>>> print(open('final_36.txt').read())   # compact mmCIF, C-alpha atoms and all ligand atoms
# COMPACT_ATOMS: atom_id res chain seq x y z
CA MET N 15 5.53 -1.46 -76.28
CA ASP N 16 9.27 -1.14 -76.38
CA ARG N 17 11.65 -4.03 -76.36
CA TYR N 18 13.10 -3.17 -72.99
CA TYR N 19 9.73 -3.70 -71.35
CA TYR N 20 9.35 -7.25 -72.68
CA GLN N 21 12.93 -7.95 -71.72
CA LEU N 22 11.97 -7.51 -68.06
CA LEU N 23 9.49 -10.38 -68.28
CA GLU N 24 11.92 -12.54 -70.21
CA ASN N 25 14.59 -11.85 -67.60
CA ASN N 26 12.19 -12.90 -64.88
CA VAL N 27 11.72 -16.31 -66.46
CA LYS N 28 15.47 -16.75 -66.85
CA VAL N 29 16.16 -15.76 -63.24
CA ALA N 30 13.47 -18.09 -61.92
CA GLN N 31 14.78 -20.97 -64.04
CA LYS N 32 18.32 -20.41 -62.83
CA ARG N 33 17.23 -20.38 -59.18
CA VAL N 34 15.38 -23.66 -59.62
CA ALA N 35 18.34 -25.18 -61.46
CA ASP N 36 20.55 -24.31 -58.47
CA ASP N 37 18.00 -25.35 -55.87
CA PRO N 38 14.81 -27.14 -56.90
CA ASP N 39 13.12 -26.15 -53.60
CA TYR N 40 14.11 -22.47 -53.75
CA PHE N 41 10.67 -21.05 -54.50
CA ARG N 42 8.79 -23.70 -52.53
CA ASN N 43 10.77 -22.63 -49.47
CA LEU N 44 10.33 -18.92 -50.20
CA ALA N 45 6.59 -19.36 -50.52
CA LYS N 46 6.38 -20.84 -47.01
CA GLY N 47 7.02 -17.45 -45.44
CA GLN N 48 9.60 -14.84 -44.58
CA GLN N 49 11.88 -14.42 -41.59
CA PRO N 50 14.01 -11.40 -42.41
CA LYS N 51 16.37 -10.21 -39.68
CA VAL N 52 16.71 -6.73 -41.08
CA LEU N 53 14.46 -3.79 -41.91
CA TRP N 54 16.02 -1.51 -44.51
CA ILE N 55 14.90 2.09 -44.79
CA GLY N 56 16.59 3.39 -47.91
CA CYS N 57 16.41 5.96 -50.66
CA SER N 58 14.21 5.20 -53.67
CA ASP N 59 17.21 5.82 -55.91
CA SER N 60 17.42 3.07 -58.54
CA ARG N 61 21.08 2.50 -57.77
CA LEU N 62 20.48 1.31 -54.23
CA PRO N 63 18.79 -2.10 -54.18
CA ALA N 64 19.10 -3.40 -50.60
CA ASN N 65 19.72 -7.04 -51.47
CA GLU N 66 22.26 -6.37 -54.17
CA VAL N 67 24.49 -4.02 -52.17
CA THR N 68 24.49 -6.31 -49.12
CA GLY N 69 24.91 -9.59 -50.95
CA THR N 70 21.68 -10.94 -49.51
CA ARG N 71 18.87 -12.84 -51.15
CA GLN N 72 15.10 -12.78 -51.33
CA GLY N 73 13.60 -13.18 -47.88
CA GLU N 74 16.50 -11.65 -45.94
CA ILE N 75 15.63 -7.95 -45.89
CA PHE N 76 12.29 -6.26 -45.29
CA VAL N 77 12.34 -2.99 -47.20
CA HIS N 78 10.88 0.49 -47.02
CA ARG N 79 12.13 3.11 -49.46
CA ASN N 80 11.30 6.72 -50.12
CA ILE N 81 13.06 9.80 -51.45
CA ALA N 82 16.09 10.51 -49.23
CA ASN N 83 15.39 7.64 -46.79
CA MET N 84 13.24 9.70 -44.45
CA VAL N 85 11.57 8.70 -41.20
CA VAL N 86 8.58 11.01 -41.02
CA HIS N 87 6.48 10.53 -37.89
CA SER N 88 3.17 11.08 -39.64
CA ASP N 89 3.97 8.78 -42.56
CA MET N 90 1.50 5.91 -42.16
CA ASN N 91 3.26 3.91 -44.83
CA MET N 92 6.59 4.02 -42.99
CA LEU N 93 4.95 3.43 -39.59
CA SER N 94 3.04 0.41 -40.88
CA VAL N 95 6.17 -1.12 -42.35
CA LEU N 96 8.09 -0.38 -39.15
CA ASP N 97 5.37 -1.83 -36.92
CA TYR N 98 5.09 -5.00 -38.96
CA ALA N 99 8.87 -5.45 -39.14
CA VAL N 100 9.44 -4.82 -35.44
CA ASN N 101 6.39 -6.44 -33.86
CA VAL N 102 5.44 -9.24 -36.23
CA LEU N 103 8.64 -10.18 -38.05
CA LYS N 104 10.70 -9.19 -35.00
CA VAL N 105 13.72 -7.99 -36.94
CA ASP N 106 17.00 -7.63 -35.01
CA HIS N 107 18.28 -4.63 -36.96
CA VAL N 108 16.89 -1.54 -38.62
CA ILE N 109 19.26 0.09 -41.09
CA VAL N 110 18.73 3.60 -42.43
CA CYS N 111 20.79 3.76 -45.60
CA GLY N 112 21.38 6.98 -47.51
CA HIS N 113 23.82 7.62 -50.31
CA TYR N 114 26.22 10.30 -51.44
CA GLY N 115 24.97 12.27 -54.42
CA CYS N 116 21.36 11.88 -53.24
CA GLY N 117 19.16 13.97 -55.52
CA GLY N 118 16.57 14.49 -52.79
CA VAL N 119 19.12 15.82 -50.31
CA GLU N 120 20.70 17.99 -53.00
CA ALA N 121 17.32 19.45 -53.97
CA ALA N 122 16.65 20.25 -50.30
CA MET N 123 19.87 22.24 -50.18
CA GLY N 124 18.69 24.62 -52.90
CA ASN N 125 15.71 26.88 -53.40
CA LYS N 126 14.37 25.57 -56.69
CA HIS N 127 10.74 24.55 -56.84
CA TYR N 128 9.95 21.06 -58.04
CA GLY N 129 6.21 20.89 -57.44
CA LEU N 130 4.55 18.34 -55.18
CA ILE N 131 7.86 16.95 -53.99
CA ASP N 132 8.66 20.29 -52.31
CA ASN N 133 6.42 19.12 -49.47
CA TRP N 134 8.61 16.08 -48.95
CA LEU N 135 11.85 18.06 -49.29
CA ARG N 136 10.56 20.26 -46.47
CA HIS N 137 11.41 17.46 -44.00
CA ILE N 138 14.98 17.31 -45.30
CA LYS N 139 15.26 21.09 -45.09
CA ASP N 140 14.36 20.79 -41.40
CA VAL N 141 17.45 18.62 -40.96
CA TYR N 142 19.57 21.32 -42.62
CA ARG N 143 18.30 23.85 -40.12
CA LEU N 144 19.29 21.58 -37.22
CA TYR N 145 22.86 21.33 -38.52
CA GLN N 146 23.00 24.76 -40.13
CA ASP N 147 26.09 26.05 -38.31
CA GLU N 148 28.13 23.00 -39.22
CA LEU N 149 26.87 22.77 -42.79
CA ASP N 150 27.18 26.48 -43.58
CA GLY N 151 30.75 26.24 -42.30
CA ILE N 152 31.72 23.81 -45.06
CA GLU N 153 32.71 26.00 -48.02
CA ASP N 154 33.05 23.34 -50.69
CA ARG N 155 29.56 22.60 -52.00
CA GLU N 156 30.34 18.95 -52.73
CA LEU N 157 31.69 18.34 -49.23
CA ARG N 158 28.73 20.19 -47.73
CA LEU N 159 26.34 17.97 -49.64
CA GLN N 160 28.22 14.86 -48.45
CA ARG N 161 27.94 15.95 -44.85
CA PHE N 162 24.26 16.85 -45.34
CA VAL N 163 23.64 13.30 -46.58
CA GLU N 164 25.36 11.95 -43.45
CA VAL N 165 23.57 14.13 -40.90
CA ASN N 166 20.29 13.39 -42.63
CA VAL N 167 20.85 9.67 -42.01
CA ILE N 168 21.90 10.36 -38.40
CA GLU N 169 18.77 12.40 -37.84
CA GLN N 170 16.54 9.63 -39.22
CA VAL N 171 18.21 7.15 -36.86
CA PHE N 172 17.28 9.37 -33.92
CA ASP N 173 13.77 9.99 -35.20
CA LEU N 174 13.34 6.25 -35.52
CA SER N 175 14.60 5.63 -31.99
CA LYS N 176 12.03 8.05 -30.64
CA THR N 177 9.00 6.40 -32.27
CA SER N 178 6.65 4.61 -29.87
CA ILE N 179 7.11 1.45 -31.94
CA ILE N 180 10.85 1.32 -31.28
CA GLN N 181 10.62 2.57 -27.69
CA ASN N 182 8.04 -0.10 -26.80
CA SER N 183 10.02 -2.80 -28.52
CA TRP N 184 13.20 -1.86 -26.66
CA GLU N 185 11.32 -2.11 -23.40
CA LYS N 186 9.81 -5.47 -24.32
CA ARG N 187 12.64 -7.31 -26.06
CA LYS N 188 15.72 -5.06 -26.07
CA ALA N 189 15.68 -4.95 -29.86
CA PRO N 190 16.07 -3.95 -32.66
CA HIS N 191 19.41 -2.24 -33.00
CA ILE N 192 19.31 0.81 -35.24
CA HIS N 193 22.12 1.77 -37.60
CA GLY N 194 22.96 4.58 -40.01
CA TRP N 195 24.76 3.85 -43.26
CA VAL N 196 25.78 5.85 -46.32
CA TYR N 197 26.40 4.15 -49.64
CA GLU N 198 29.16 5.50 -51.87
CA LEU N 199 27.95 5.05 -55.45
CA SER N 200 31.39 5.55 -56.99
CA THR N 201 32.96 2.65 -55.07
CA GLY N 202 29.97 0.49 -54.21
CA LEU N 203 31.05 0.56 -50.57
CA ILE N 204 28.97 1.26 -47.48
CA LYS N 205 30.18 3.64 -44.79
CA ASP N 206 28.85 2.79 -41.35
CA LEU N 207 28.30 6.17 -39.68
CA GLN N 208 28.71 4.56 -36.25
CA VAL N 209 25.52 6.14 -35.06
CA THR N 210 24.28 2.77 -33.89
CA VAL N 211 21.90 3.42 -31.03
CA ARG N 212 23.05 1.08 -28.33
CA LEU N 213 20.51 -0.70 -26.24
CA ASP N 214 22.64 -0.93 -23.12
CA LYS N 215 21.64 2.67 -22.44
CA ASP N 216 18.46 3.51 -20.61
CA LEU N 217 15.76 4.95 -22.80
CA ASP N 218 15.85 8.30 -21.03
CA GLN N 219 19.53 8.61 -21.82
CA ILE N 220 18.98 8.71 -25.54
CA GLU N 221 18.67 12.47 -25.66
CA GLU N 222 21.89 12.90 -23.69
CA PHE N 223 23.52 10.31 -25.83
CA GLU N 224 23.00 12.26 -29.04
CA PRO N 225 25.89 14.73 -28.85
CA LEU N 226 28.29 11.84 -28.34
CA LEU N 227 27.03 10.10 -31.41
CA ILE N 228 27.22 13.10 -33.69
CA SER N 229 30.96 13.06 -33.86
CA LYS N 230 32.71 15.29 -36.35
CA LYS N 231 35.58 12.86 -36.53
CA GLY N 232 36.14 11.07 -39.80
CA VAL N 233 33.21 12.74 -41.39
CA VAL N 234 34.08 14.42 -44.65
CA GLU N 235 37.23 12.54 -45.54
CO CO N 301 18.70 9.42 -52.90
>>> encode(input="final_36.txt", output="structure tokens", more="lines below")
Ligand code: CO
Amino acid sequence: MDRYYYQLLENNVKVAQKRVADDPDYFRNLAKGQQPKVLWIGCSDSRLPANEVTGTRQGEIFVHRNIANMVVHSDMNMLSVLDYAVNVLKVDHVIVCGHYGCGGVEAAMGNKHYGLIDNWLRHIKDVYRLYQDELDGIEDRELRLQRFVEVNVIEQVFDLSKTSIIQNSWEKRKAPHIHGWVYELSTGLIKDLQVTVRLDKDLDQIEEFEPLLISKKGVVE
């Protein structure tokens, strides 16, 4: 086995020791249970660890990740995480976080075949079709990809808001709020896409609300 592998286990011991040195009860408290306020639906990309980019610690964010941070209605894994987060943990916020330079989104923009993953990319390609006029109108490939990343996040926010889990929760407890973010790898900064679905609107207004949210302002800067 290579050295790097063993290093991971050694690092774990060091991290645990440091935590206990700072706070002797740290792990005892963690072991009692979790009360995260946030569900994070992010890309699997190794450069996007939810806790690290938000300056939060263990126990603060419940996480679901997949390639290109997708909300796919038939994905039992995602639905189970969402149901548990919303109905058991009762999180206040759900954040869909994508990132510029997303390999999944980029692959969905082209026609290359990658094997099994093509089935997953299909869902992202559907988003392209929805925004085709706007995206085809952006000549620069890099800028088009950036915008594709953004509209993909926006679309997942809407798909999330239409799930029965979220709809029922809004009716019952007027929560959680849903947000769309894009992480800029080259600066480490998060861009809030301002697609927050506000709960002061009636549920049946969500559809009408969409065009207002998909603002072209301040998009590809
Ligand atoms: Co990605």
>>> closest_residue(input="final_36.txt", among="N:Val163, N:Met15, N:Val100, N:Val108", to="Ser178 (chain N)", atoms="all atoms listed in the file")
N:Val100
>>> residues_around(input="final_36.txt", residues="Tyr197 (chain N)", least_positions_apart="3", cutoff="12 Å", atoms="only C-alpha atoms", output="VMD selection string")
chain N and resid 56 to 57 59 61 to 64 67 to 68 83 109 to 116 160 163 to 164 167 194 200 to 207
>>> residues_around(input="final_36.txt", residues="Leu44 (chain N)", least_positions_apart="4", cutoff="12 Å", atoms="all atoms listed in the file", output="ChimeraX atom specification")
/N:33-34,37-40,48-50,71-74
>>> write_last_selection(input="final_36.txt", atoms="C-alpha atoms", output="PDB file, keeping the file's coordinate frame")
ATOM      1  CA  ARG N  33      17.230 -20.380 -59.180  1.00  0.00           C
ATOM      2  CA  VAL N  34      15.380 -23.660 -59.620  1.00  0.00           C
ATOM      3  CA  ASP N  37      18.000 -25.350 -55.870  1.00  0.00           C
ATOM      4  CA  PRO N  38      14.810 -27.140 -56.900  1.00  0.00           C
ATOM      5  CA  ASP N  39      13.120 -26.150 -53.600  1.00  0.00           C
ATOM      6  CA  TYR N  40      14.110 -22.470 -53.750  1.00  0.00           C
ATOM      7  CA  GLN N  48       9.600 -14.840 -44.580  1.00  0.00           C
ATOM      8  CA  GLN N  49      11.880 -14.420 -41.590  1.00  0.00           C
ATOM      9  CA  PRO N  50      14.010 -11.400 -42.410  1.00  0.00           C
ATOM     10  CA  ARG N  71      18.870 -12.840 -51.150  1.00  0.00           C
ATOM     11  CA  GLN N  72      15.100 -12.780 -51.330  1.00  0.00           C
ATOM     12  CA  GLY N  73      13.600 -13.180 -47.880  1.00  0.00           C
ATOM     13  CA  GLU N  74      16.500 -11.650 -45.940  1.00  0.00           C
TER      14      GLU N  74
END
>>> residues_near_point(input="final_36.txt", point="(15.7, 16.7, -56.6)", cutoff="12 Å", atoms="all atoms listed in the file", output="PDB file with C-alpha atoms, keeping the file's coordinate frame")
ATOM      1  CA  SER N  58      14.210   5.200 -53.670  1.00  0.00           C
ATOM      2  CA  ASP N  59      17.210   5.820 -55.910  1.00  0.00           C
ATOM      3  CA  ILE N  81      13.060   9.800 -51.450  1.00  0.00           C
ATOM      4  CA  ALA N  82      16.090  10.510 -49.230  1.00  0.00           C
ATOM      5  CA  GLY N 115      24.970  12.270 -54.420  1.00  0.00           C
ATOM      6  CA  CYS N 116      21.360  11.880 -53.240  1.00  0.00           C
ATOM      7  CA  GLY N 117      19.160  13.970 -55.520  1.00  0.00           C
ATOM      8  CA  GLY N 118      16.570  14.490 -52.790  1.00  0.00           C
ATOM      9  CA  VAL N 119      19.120  15.820 -50.310  1.00  0.00           C
ATOM     10  CA  GLU N 120      20.700  17.990 -53.000  1.00  0.00           C
ATOM     11  CA  ALA N 121      17.320  19.450 -53.970  1.00  0.00           C
ATOM     12  CA  ALA N 122      16.650  20.250 -50.300  1.00  0.00           C
ATOM     13  CA  MET N 123      19.870  22.240 -50.180  1.00  0.00           C
ATOM     14  CA  GLY N 124      18.690  24.620 -52.900  1.00  0.00           C
ATOM     15  CA  ASN N 125      15.710  26.880 -53.400  1.00  0.00           C
ATOM     16  CA  LYS N 126      14.370  25.570 -56.690  1.00  0.00           C
ATOM     17  CA  HIS N 127      10.740  24.550 -56.840  1.00  0.00           C
ATOM     18  CA  TYR N 128       9.950  21.060 -58.040  1.00  0.00           C
ATOM     19  CA  GLY N 129       6.210  20.890 -57.440  1.00  0.00           C
ATOM     20  CA  LEU N 130       4.550  18.340 -55.180  1.00  0.00           C
ATOM     21  CA  ILE N 131       7.860  16.950 -53.990  1.00  0.00           C
ATOM     22  CA  ASP N 132       8.660  20.290 -52.310  1.00  0.00           C
ATOM     23  CA  ASN N 133       6.420  19.120 -49.470  1.00  0.00           C
ATOM     24  CA  TRP N 134       8.610  16.080 -48.950  1.00  0.00           C
ATOM     25  CA  LEU N 135      11.850  18.060 -49.290  1.00  0.00           C
ATOM     26  CA  ARG N 136      10.560  20.260 -46.470  1.00  0.00           C
ATOM     27  CA  ILE N 138      14.980  17.310 -45.300  1.00  0.00           C
TER      28      ILE N 138
END
>>> atom_distance(input="final_36.txt", atom1="CA of Ile179 (chain N)", atom2="CA of Arg79 (chain N)")
18.3 Å
>>> residues_around(input="final_36.txt", residues="Val95 (chain N)", least_positions_apart="6", cutoff="10 Å", atoms="only C-alpha atoms", output="PyMOL selection string")
chain N and resi 53+55+76-78
>>> write_last_selection(input="final_36.txt", atoms="C-alpha atoms", output="PDB file, in the coordinates of the input")
ATOM      1  CA  LEU N  53      14.460  -3.790 -41.910  1.00  0.00           C
ATOM      2  CA  ILE N  55      14.900   2.090 -44.790  1.00  0.00           C
ATOM      3  CA  PHE N  76      12.290  -6.260 -45.290  1.00  0.00           C
ATOM      4  CA  VAL N  77      12.340  -2.990 -47.200  1.00  0.00           C
ATOM      5  CA  HIS N  78      10.880   0.490 -47.020  1.00  0.00           C
TER       6      HIS N  78
END
>>> atom_distance(input="final_36.txt", atom1="CA of Val141 (chain N)", atom2="atom CO of ligand CO 301 (chain N)")
15.1 Å
>>> closest_residue(input="final_36.txt", among="N:Lys46, N:Asn166, N:Ala30, N:Leu144", to="Trp195 (chain N)", atoms="all atoms listed in the file")
N:Asn166
>>> atom_distance(input="final_36.txt", atom1="CA of Val85 (chain N)", atom2="CA of Glu185 (chain N)")
20.8 Å
>>> axis_aligned_box(input="final_36.txt", around="region 199-205 of chain N", padding_each_side="8 Å", output="AutoDock Vina command-line options")
--center_x 30.5 --center_y 3.0 --center_z -50.9 --size_x 21.0 --size_y 21.1 --size_z 28.2
>>> closest_residue(input="final_36.txt", among="N:Leu96, N:Gly151, N:Asn80, N:Asp89", to="ligand CO 301 (chain N)", atoms="only C-alpha atoms and all ligand atoms")
N:Asn80
>>> closest_residue(input="final_36.txt", among="N:Leu149, N:Ala45, N:Val52, N:Leu199", to="ligand CO 301 (chain N)", atoms="only C-alpha atoms and all ligand atoms")
N:Leu199
